[in-house]
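Just my_file_18.txt here, compact mmCIF, C-alpha atoms and all ligand atoms:
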# COMPACT_ATOMS: atom_id res chain seq x y z
CA MET A 1128 -13.51 -8.28 -3.27
CA ALA A 1129 -16.04 -5.57 -2.47
CA LEU A 1130 -16.99 -2.94 -5.03
CA ILE A 1131 -18.86 0.06 -3.63
CA SER A 1132 -19.86 3.10 -5.68
CA PHE A 1133 -20.91 6.55 -4.53
CA PHE A 1134 -23.03 8.74 -6.77
CA SER A 1135 -25.10 11.91 -6.87
CA ALA A 1136 -28.29 12.78 -8.72
CA LYS A 1137 -27.50 16.45 -9.33
CA GLY A 1138 -25.38 19.20 -7.84
CA ALA A 1139 -22.27 18.56 -5.82
CA PRO A 1140 -23.43 17.01 -2.53
CA GLY A 1141 -19.99 15.63 -1.61
CA VAL A 1142 -19.58 12.37 -3.55
CA THR A 1143 -15.83 12.73 -4.08
CA SER A 1144 -15.09 13.67 -0.47
CA THR A 1145 -17.34 10.91 0.89
CA ALA A 1146 -15.67 8.31 -1.35
CA MET A 1147 -12.24 9.55 -0.19
CA LEU A 1148 -13.36 9.37 3.44
CA VAL A 1149 -14.63 5.81 3.12
CA ALA A 1150 -11.56 4.66 1.17
CA ALA A 1151 -9.27 6.12 3.83
CA LEU A 1152 -11.11 4.51 6.76
CA TRP A 1153 -11.91 1.15 5.16
CA PRO A 1154 -10.55 -1.77 7.21
CA ARG A 1155 -8.70 -3.26 4.23
CA PRO A 1156 -6.56 -1.74 1.49
CA THR A 1157 -8.67 0.07 -1.09
CA LEU A 1158 -8.31 1.23 -4.64
CA LEU A 1159 -10.21 4.50 -5.08
CA VAL A 1160 -11.48 4.74 -8.66
CA ASP A 1161 -12.42 8.06 -10.23
CA ALA A 1162 -15.26 7.16 -12.60
CA ASP A 1163 -16.99 10.55 -12.66
CA GLY A 1164 -18.43 10.83 -16.17
CA ALA A 1165 -18.21 14.63 -16.13
CA GLY A 1166 -14.45 14.36 -15.80
CA GLY A 1167 -12.55 13.30 -12.71
CA ASP A 1168 -11.18 15.68 -10.14
CA LEU A 1169 -9.51 13.32 -7.70
CA GLN A 1170 -6.17 13.96 -9.34
CA MET A 1171 -6.47 17.65 -8.45
CA ARG A 1172 -7.14 16.88 -4.81
CA LEU A 1173 -3.92 15.32 -3.55
CA PRO A 1174 -0.31 15.03 -4.73
CA ASN A 1175 1.63 11.78 -4.78
CA GLU A 1176 3.87 10.71 -1.93
CA SER A 1177 6.78 12.79 -3.23
CA GLY A 1178 4.59 15.88 -3.32
CA THR A 1179 4.27 15.91 -7.10
CA ALA A 1180 0.85 16.46 -8.66
CA LEU A 1181 -0.88 13.46 -10.19
CA THR A 1182 -1.35 13.38 -13.94
CA GLN A 1183 -3.63 11.26 -16.13
CA HIS A 1184 -0.71 8.93 -16.78
CA PRO A 1185 -1.01 6.36 -15.39
CA GLY A 1186 -4.75 6.13 -14.85
CA LEU A 1187 -7.92 5.17 -16.65
CA LEU A 1188 -6.51 6.79 -19.77
CA THR A 1189 -3.65 4.28 -19.92
CA LEU A 1190 -5.79 1.35 -18.74
CA LEU A 1191 -8.69 1.71 -21.17
CA PRO A 1192 -6.73 0.85 -24.35
CA LEU A 1193 -5.73 -2.42 -22.70
CA ALA A 1194 -9.31 -3.10 -21.58
CA ARG A 1195 -10.33 -3.16 -25.25
CA HIS A 1196 -8.56 -6.52 -25.41
CA GLY A 1197 -9.43 -7.82 -21.93
CA LEU A 1198 -7.40 -7.30 -18.78
CA ALA A 1199 -4.93 -9.61 -17.08
CA PRO A 1200 -5.53 -10.06 -13.35
CA GLY A 1201 -4.02 -7.31 -11.24
CA VAL A 1202 -2.98 -5.13 -14.22
CA VAL A 1203 -5.24 -2.39 -12.86
CA LEU A 1204 -2.71 -1.74 -10.11
CA ASP A 1205 -0.01 -0.94 -12.68
CA HIS A 1206 -2.15 1.98 -13.75
CA SER A 1207 -2.86 3.32 -10.28
CA GLN A 1208 -0.97 5.92 -8.28
CA VAL A 1209 -0.43 6.31 -4.55
CA VAL A 1210 -1.18 9.70 -3.02
CA THR A 1211 0.25 11.25 0.08
CA GLY A 1212 -1.05 9.34 3.09
CA GLY A 1213 -0.91 6.02 1.22
CA GLN A 1214 -4.23 5.86 -0.61
CA ARG A 1215 -4.07 4.08 -3.98
CA ILE A 1216 -6.03 5.90 -6.69
CA LEU A 1217 -7.03 5.16 -10.27
CA VAL A 1218 -7.03 8.62 -11.82
CA GLY A 1219 -10.10 9.38 -13.95
CA LEU A 1220 -10.74 10.79 -17.38
CA GLU A 1221 -10.70 14.51 -17.98
CA SER A 1222 -13.87 15.15 -19.98
CA PRO A 1223 -17.37 13.83 -20.73
CA GLU A 1224 -16.17 13.08 -24.28
CA GLN A 1225 -13.49 10.72 -23.00
CA SER A 1226 -16.00 9.19 -20.60
CA ASP A 1227 -18.44 8.50 -23.46
CA ALA A 1228 -15.71 6.61 -25.27
CA ALA A 1229 -15.03 4.54 -22.17
CA GLY A 1230 -18.68 3.48 -21.79
CA SER A 1231 -18.50 0.02 -23.34
CA LEU A 1232 -15.35 -0.86 -21.39
CA TRP A 1233 -16.77 -0.43 -17.90
CA PRO A 1234 -18.03 -4.05 -17.66
CA THR A 1235 -14.48 -5.30 -18.38
CA LEU A 1236 -13.09 -2.94 -15.79
CA ALA A 1237 -15.75 -3.98 -13.29
CA ARG A 1238 -14.73 -7.61 -13.65
CA SER A 1239 -11.13 -6.73 -13.10
CA PHE A 1240 -11.93 -4.63 -10.01
CA ARG A 1241 -13.93 -7.53 -8.57
CA GLU A 1242 -10.95 -9.83 -9.03
CA LEU A 1243 -8.31 -7.46 -7.69
CA PRO A 1244 -6.36 -9.43 -5.11
CA GLY A 1245 -6.04 -7.84 -1.69
CA TYR A 1246 -8.06 -4.71 -2.44
CA ASP A 1247 -11.63 -3.56 -2.10
CA VAL A 1248 -12.64 -0.95 -4.64
CA ILE A 1249 -14.38 2.33 -3.82
CA VAL A 1250 -15.77 4.21 -6.81
CA ASP A 1251 -16.53 7.91 -7.21
CA ALA A 1252 -19.21 7.54 -9.90
CA GLY A 1253 -20.15 11.25 -9.95
CA ALA A 1254 -23.65 12.11 -11.18
CA LEU A 1255 -25.27 8.85 -12.23
CA SER A 1256 -28.08 8.71 -14.76
CA LEU A 1257 -29.48 5.65 -16.50
CA ARG A 1258 -27.65 6.79 -19.64
CA ALA A 1259 -24.30 7.20 -17.92
CA GLY A 1260 -21.55 4.90 -19.18
CA GLN A 1261 -20.30 4.27 -15.65
CA LEU A 1262 -23.62 2.57 -14.84
CA GLY A 1263 -21.95 -0.47 -16.46
CA LEU A 1264 -19.51 -0.40 -13.55
CA VAL A 1265 -21.88 0.59 -10.76
CA GLN A 1266 -24.42 -2.12 -11.55
CA ARG A 1267 -21.75 -4.81 -11.23
CA GLY A 1268 -20.89 -3.74 -7.69
CA ASP A 1269 -22.08 -4.79 -4.25
CA LEU A 1270 -23.47 -1.44 -3.23
CA ALA A 1271 -24.42 1.82 -4.92
CA VAL A 1272 -24.67 4.65 -2.41
CA GLY A 1273 -26.46 7.90 -3.24
CA VAL A 1274 -25.05 11.01 -1.55
CA VAL A 1275 -27.64 13.65 -0.79
CA ARG A 1276 -27.94 17.00 0.99
CA PRO A 1277 -31.08 17.81 3.00
CA ASN A 1278 -32.44 20.49 0.71
CA PRO A 1279 -35.57 20.13 -1.42
CA ALA A 1280 -33.79 20.05 -4.79
CA SER A 1281 -31.21 17.49 -3.75
CA VAL A 1282 -33.85 15.29 -2.11
CA MET A 1283 -36.24 15.50 -5.03
CA HIS A 1284 -33.61 14.67 -7.65
CA MET A 1285 -32.17 11.82 -5.60
CA ARG A 1286 -35.62 10.38 -4.97
CA GLN A 1287 -36.25 10.26 -8.70
CA ARG A 1288 -32.81 8.79 -9.39
CA VAL A 1289 -33.03 6.11 -6.71
CA ALA A 1290 -36.45 5.02 -7.95
CA ALA A 1291 -35.11 4.72 -11.52
CA LEU A 1292 -31.99 2.83 -10.42
CA HIS A 1293 -34.10 0.57 -8.22
CA ASP A 1294 -36.18 -0.46 -11.24
CA THR A 1295 -33.08 -0.95 -13.37
CA PHE A 1296 -31.29 -3.05 -10.77
CA ARG A 1297 -34.37 -5.17 -10.02
CA VAL A 1298 -34.19 -6.86 -13.41
CA LEU A 1299 -30.59 -7.92 -12.69
CA GLY A 1300 -31.87 -10.37 -10.09
CA PRO A 1301 -29.60 -11.60 -7.31
CA ASP A 1302 -26.47 -10.05 -8.87
CA ALA A 1303 -27.87 -6.54 -8.56
CA PRO A 1304 -26.11 -4.14 -6.21
CA ARG A 1305 -27.97 -2.95 -3.15
CA LEU A 1306 -28.85 0.70 -3.05
CA GLY A 1307 -28.03 2.87 -0.05
CA LEU A 1308 -28.23 6.52 0.94
CA VAL A 1309 -26.08 8.83 2.98
CA CYS A 1310 -26.78 12.46 3.83
CA VAL A 1311 -24.06 15.11 4.20
CA GLU A 1312 -25.17 17.52 6.89
CA ASP A 1313 -24.04 19.24 10.05
CA VAL A 1314 -24.20 16.88 13.03
CA GLN A 1315 -26.37 19.44 14.82
CA HIS A 1316 -29.05 18.76 12.23
CA GLN A 1317 -29.46 15.02 12.50
CA GLY A 1318 -33.22 15.31 12.21
CA GLU A 1319 -32.99 17.01 8.82
CA ALA A 1320 -30.51 14.40 7.60
CA SER A 1321 -32.71 11.48 8.69
CA SER A 1322 -35.78 13.02 7.20
CA ALA A 1323 -33.99 13.65 3.87
CA VAL A 1324 -32.96 10.00 3.69
CA ALA A 1325 -36.45 8.84 4.69
CA THR A 1326 -38.03 11.01 1.99
CA VAL A 1327 -35.68 9.71 -0.69
CA ARG A 1328 -36.28 6.10 0.32
CA GLY A 1329 -40.00 6.66 0.20
CA ASP A 1330 -41.68 3.30 -0.14
CA LEU A 1331 -38.49 1.39 -1.03
CA PRO A 1332 -37.60 -0.32 2.26
CA ASP A 1333 -34.76 -2.32 0.70
CA VAL A 1334 -32.82 0.91 0.08
CA LEU A 1335 -30.37 1.11 2.97
CA ASP A 1336 -30.31 4.09 5.31
CA LEU A 1337 -26.55 4.52 5.81
CA GLY A 1338 -26.87 7.59 8.02
CA GLN A 1339 -24.96 10.81 7.91
CA VAL A 1340 -21.56 12.19 6.99
CA ALA A 1341 -20.78 15.28 9.01
CA LEU A 1342 -20.65 18.56 7.18
CA ASP A 1343 -17.32 19.66 8.56
CA ALA A 1344 -15.61 22.20 6.34
CA ARG A 1345 -12.44 22.43 8.41
CA ALA A 1346 -11.78 18.68 8.47
CA GLU A 1347 -12.84 18.20 4.87
CA ARG A 1348 -9.79 20.27 3.82
CA LEU A 1349 -7.91 17.01 4.40
CA PHE A 1350 -9.25 15.88 1.06
CA HIS A 1351 -7.86 18.93 -0.67
CA GLY A 1352 -4.36 18.31 0.64
CA ASP A 1353 -4.45 20.77 3.53
CA PRO A 1354 -3.09 19.90 6.96
CA VAL A 1355 -5.68 19.17 9.63
CA ALA A 1356 -4.73 18.67 13.25
CA ARG A 1357 -5.92 15.43 14.86
CA PRO A 1358 -8.21 14.34 12.05
CA GLU A 1359 -9.34 11.34 14.07
CA ARG A 1360 -11.10 13.69 16.49
CA THR A 1361 -13.07 15.56 13.86
CA MET A 1362 -16.76 15.03 13.31
CA LEU A 1363 -16.01 14.21 9.68
CA VAL A 1364 -13.75 11.26 10.46
CA ARG A 1365 -15.94 10.07 13.32
CA SER A 1366 -19.01 10.08 11.13
CA GLY A 1367 -16.96 8.36 8.42
CA GLY A 1368 -16.11 5.60 10.89
CA SER A 1369 -19.81 4.97 11.55
CA LEU A 1370 -20.56 4.99 7.85
CA VAL A 1371 -17.80 2.45 7.20
CA GLN A 1372 -19.21 0.18 9.90
CA ARG A 1373 -22.61 0.26 8.22
CA LEU A 1374 -21.10 -0.38 4.82
CA VAL A 1375 -19.05 -3.31 6.09
CA ALA A 1376 -22.19 -4.76 7.64
CA ALA A 1377 -24.03 -4.31 4.34
CA VAL A 1378 -21.42 -6.04 2.16
CA GLY A 1379 -20.25 -8.36 4.94
CA PRO A 1380 -19.73 -11.75 3.30
CA VAL A 1381 -17.70 -10.25 0.43
CA ILE A 1382 -15.04 -9.08 2.82
CA GLN A 1383 -12.93 -12.09 3.65
CA PRO A 1384 -10.17 -11.83 6.21
CA ASP A 1385 -6.73 -11.51 4.61
CA PRO A 1386 -5.04 -14.91 4.25
CA GLU A 1387 -1.74 -13.33 5.28
CA PRO A 1388 -1.20 -11.15 8.33
CA GLU A 1389 -1.52 -7.46 7.51
CA ARG A 1390 1.76 -5.95 6.48
CA GLN A 1391 0.87 -2.58 7.86
CA PRO A 1392 2.51 -1.76 11.16
CA GLU A 1393 0.45 -1.16 14.24
CA PRO A 1394 -1.05 2.31 14.27
CA ASP A 1395 1.24 4.84 15.82
CA ARG A 1396 0.19 5.42 19.43
CA ARG A 1397 1.70 8.90 19.48
CA PRO A 1398 -0.55 11.84 18.70
CA GLU A 1399 -1.23 12.17 15.00
CA PRO A 1400 0.98 14.84 13.43
CA ALA A 1401 -0.85 17.96 12.35
CA THR A 1402 0.29 17.49 8.77
CA SER A 1403 -1.82 14.66 7.39
CA PHE A 1404 -2.12 14.91 3.63
CA THR A 1405 0.34 17.74 3.14
CA THR A 1406 0.03 19.46 -0.18
CA ARG A 1407 2.07 21.21 -2.82
CA ARG A 1408 -0.14 23.62 -4.66
CA ASP A 1409 2.58 24.25 -7.21
CA ALA A 1410 2.65 20.53 -7.94
CA ARG A 1411 -1.08 20.55 -8.60
CA SER A 1412 -0.77 23.19 -11.27
CA ALA A 1413 2.04 21.17 -12.87
CA ALA A 1414 -0.52 18.42 -13.49
CA ARG A 1415 -2.27 20.59 -15.98
CA SER A 1416 0.86 21.39 -17.97
CA GLY A 1417 2.32 17.86 -18.22
CA GLY A 1418 3.04 16.52 -21.75
CA ALA A 1419 0.30 14.19 -23.03
CA PRO A 1420 0.78 11.42 -25.59
CA GLU A 1421 -0.91 11.54 -28.99
CA ARG A 1422 -4.68 11.00 -28.73
CA HIS A 1423 -7.46 9.52 -30.80
CA GLU A 1424 -10.62 11.40 -31.67
CA ASP A 1425 -12.25 10.14 -28.50
CA GLY A 1426 -9.30 11.50 -26.55
CA ILE A 1427 -8.12 8.06 -25.51
CA PRO A 1428 -4.78 7.01 -27.01
CA GLU A 1429 -4.59 3.53 -28.55
CA ASP A 1430 -1.48 2.93 -26.52
CA GLY A 1431 -1.54 5.01 -23.38
CA GLY A 1432 1.77 3.36 -22.58
CA PRO A 1433 2.37 1.17 -19.62
CA GLY A 1434 1.39 2.62 -16.33
CA ARG A 1435 4.07 3.34 -13.87
CA SER A 1436 5.21 -0.04 -12.71
CA ALA A 1437 3.34 -0.57 -9.50
CA ASP A 1438 4.27 -2.79 -6.65
CA SER A 1439 1.17 -4.84 -5.98
CA THR A 1440 1.88 -4.74 -2.25
CA PRO A 1441 -0.90 -2.73 -0.68
CA PRO A 1442 0.55 0.66 0.23
CA ARG A 1443 0.83 1.67 3.82
CA LYS A 1444 -2.24 3.70 4.53
CA ARG A 1445 -2.56 6.43 7.08
CA ARG A 1446 -4.81 5.25 9.88
CA TRP A 1447 -6.73 7.64 12.02
CA ARG A 1448 -7.38 6.37 15.48
CA ARG A 1449 -10.95 6.76 16.60
N1 LIG A 1501 -18.41 16.40 4.56
C1 LIG A 1501 -18.18 17.61 4.06
N2 LIG A 1501 -18.04 18.66 4.88
C2 LIG A 1501 -17.82 19.92 4.41
N3 LIG A 1501 -17.68 20.21 3.10
C3 LIG A 1501 -17.82 19.19 2.23
C4 LIG A 1501 -18.06 17.84 2.65
N4 LIG A 1501 -18.13 17.06 1.55
C5 LIG A 1501 -17.94 17.87 0.51
N5 LIG A 1501 -17.76 19.15 0.90
C6 LIG A 1501 -17.55 20.33 0.04
O1 LIG A 1501 -18.64 20.37 -0.87
C7 LIG A 1501 -18.19 20.68 -2.18
C8 LIG A 1501 -18.53 19.52 -3.10
O2 LIG A 1501 -17.83 18.37 -2.66
P1 LIG A 1501 -17.39 17.22 -3.66
O3 LIG A 1501 -16.47 17.76 -4.70
O4 LIG A 1501 -16.92 16.09 -2.84
O5 LIG A 1501 -18.80 16.93 -4.28
P2 LIG A 1501 -19.21 16.07 -5.55
O6 LIG A 1501 -20.58 15.58 -5.29
O7 LIG A 1501 -18.15 15.09 -5.85
O8 LIG A 1501 -19.23 17.20 -6.68
P3 LIG A 1501 -18.98 17.07 -8.28
O9 LIG A 1501 -20.27 16.53 -8.84
O10 LIG A 1501 -18.70 18.48 -8.70
O11 LIG A 1501 -17.83 16.14 -8.49
C9 LIG A 1501 -16.70 20.94 -2.07
O12 LIG A 1501 -16.50 22.32 -1.92
C10 LIG A 1501 -16.29 20.22 -0.82
O13 LIG A 1501 -15.19 20.85 -0.23
MG MG A 1502 -16.91 14.78 -7.44
Translate this structure into structure tokens?
Ligand SMILES: Nc1ncnc2c1ncn2[C@@H]1O[C@H](COP(=O)(O)OP(=O)(O)OP(=O)(O)O)[C@@H](O)[C@H]1O
Ligand SMILES: [Mg+2]
Amino acid sequence: MALISFFSAKGAPGVTSTAMLVAALWPRPTLLVDADGAGGDLQMRLPNESGTALTQHPGLLTLLPLARHGLAPGVVLDHSQVVTGGQRILVGLESPEQSDAAGSLWPTLARSFRELPGYDVIVDAGALSLRAGQLGLVQRGDLAVGVVRPNPASVMHMRQRVAALHDTFRVLGPDAPRLGLVCVEDVQHQGEASSAVATVRGDLPDVLDLGQVALDARAERLFHGDPVARPERTMLVRSGGSLVQRLVAAVGPVIQPDPEPERQPEPDRRPEPATSFTTRRDARSAARSGGAPERHEDGIPEDGGPGRSADSTPPRKRRWRR
């Protein structure tokens, strides 16, 4: 199964929102993994399907203790949660200290993501340096996509980061992930976006130009749980559709057709309700006050407890018609 990571070099160019966009529009069920080493924020973005805020349990915190002893196939899903709209998410860690402790376990997790039946895995890797623990995950994927904004600082830092990653991946030989770039910018400024990507690529022609994600503040509220009317018509979702097409083309052979017919019903032909990804702000704040089990010094409990028992059937995902 495909494993695609999104990362930044510095700042907050839109990695989390771009990963959410791609996961939502991907042609097969996806598991969206929050691997941001600075501490994940996906769990703050959307509530679960009953409108309750996500907590760290289940999530990486409950999965990592098991990973210390190897992971049985599919066990990752038991530690995931489904958010409103149907996206399956593996909630991330809450601090850099916890992320440091997880560093040596990323290769085990990567293997288990690669073998996850029926799902492709989209990773929010946050800011990625060569010292970052989550590099152990990213470098075992098919694609690592840098997210950049067309301003001098963002371009300069990403150019440096892509060059360093390029060198690091080169020694991995044929198993190395391909590098790609996407620019978040207003669709009116396509020229700036293309030139930012071209500057970052520099003289590395094997780094993929994956185009642009529209800077679309109104539509992007979708990924904070706010209702957006007709998301499929927004520039954000339309640009996300084009990005997904390029990504599918880039990882092509990994994506096999499902052996069984898709269980999801045909997309609804009626107009999309104006309440995609409804939110409960009160539920979000409850996430921060939930009781946590006893922790080790590294913040990761030896026994995070079993994740919520998860049905391995891919959840029904909201589809936006384009
Ligand atoms: N396509 C977009 N259109 C409009 N606003 C966006 C878009 N993508 C992200 N944003 C906004 O930019 C800010 C940063 O986005 P996001 O949290 O996705 O970035 P990030 O790179 O993951 O940052 P961090 O490193 O803090 O995790 C947020 O305020 C978000 O709402
Ligand atoms: Mg983020």
**Study point:** Contacts of range 1360-1371 of chain A within 12 Å, all atoms listed in the file, excl. fewer than 2 positions in-chain, as a VMD selection string
**Key:** chain A and resid 1131 1144 to 1155 1249 1272 1307 to 1315 1317 1335 to 1350 1355 to 1358 1373 to 1379 1398 to 1399 1401 1446 to 1449
Using only C-alpha atoms and all ligand atoms, I'd like a table of the residues in chain A that come within 9 Å of ligand MG 1502 (chain A); for each, show the closest atom pair and its distance in Å rounded to one decimal, ordered by chain and ascending number, as a Markdown table.
| residue | atom | partner | partner_atom | distance |
| --- | --- | --- | --- | --- |
| A:Phe1134 | CA | A:MG1502 | MG | 8.6 |
| A:Ser1135 | CA | A:MG1502 | MG | 8.7 |
| A:Ala1139 | CA | A:MG1502 | MG | 6.8 |
| A:Pro1140 | CA | A:MG1502 | MG | 8.5 |
| A:Gly1141 | CA | A:MG1502 | MG | 6.6 |
| A:Val1142 | CA | A:MG1502 | MG | 5.3 |
| A:Thr1143 | CA | A:MG1502 | MG | 4.1 |
| A:Ser1144 | CA | A:MG1502 | MG | 7.3 |
| A:Ala1146 | CA | A:MG1502 | MG | 9.0 |
| A:Asp1161 | CA | A:MG1502 | MG | 8.6 |
| A:Asp1163 | CA | A:MG1502 | MG | 6.7 |
| A:Ala1165 | CA | A:MG1502 | MG | 8.8 |
| A:Gly1166 | CA | A:MG1502 | MG | 8.7 |
| A:Gly1167 | CA | A:MG1502 | MG | 7.0 |
| A:Asp1168 | CA | A:MG1502 | MG | 6.4 |
| A:Leu1169 | CA | A:MG1502 | MG | 7.5 |
| A:Asp1251 | CA | A:MG1502 | MG | 6.9 |
| A:Ala1252 | CA | A:MG1502 | MG | 8.0 |
| A:Gly1253 | CA | A:MG1502 | MG | 5.4 |
| A:Ala1254 | CA | A:MG1502 | MG | 8.2 |
Point to revise | All residues 10 Å or closer to Val1265 in chain A, only C-alpha atoms, same chain fewer than 5 positions away omitted, as a list in words | key: Leu1130, Ile1131, Ser1132, Phe1133, Phe1134, Ala1162, Trp1233, Pro1234, Ala1237, Val1250, Asp1251, Ala1252, Leu1255, Gly1260, Leu1270, Ala1271, Val1272, Ala1303 and Pro1304 of chain A
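Closest approach to Thr1235 in chain A from the set A:Gly1219, A:Pro1156, A:Gly1263, A:Pro1354 is made by A:Gly1263, with distances taken over only C-alpha atoms.
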Practice item. Would you please work out which residue, of A:Val1289, A:Val1248, A:Val1275, A:Leu1232, is nearest to ligand LIG 1501 (chain A) when using all atoms listed in the file? Key: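 Of all the options, A:Val1275 lies closest to ligand LIG 1501 (chain A).
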**Study point:** Pick from A:Pro1185, A:Pro1174, A:Gly1164, A:Gly1329, whichever lies nearest to Ser1207 in chain A using only C-alpha atoms
**Key:**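 Among A:Pro1185, A:Pro1174, A:Gly1164, A:Gly1329, it is A:Pro1185 that comes nearest to Ser1207 in chain A.
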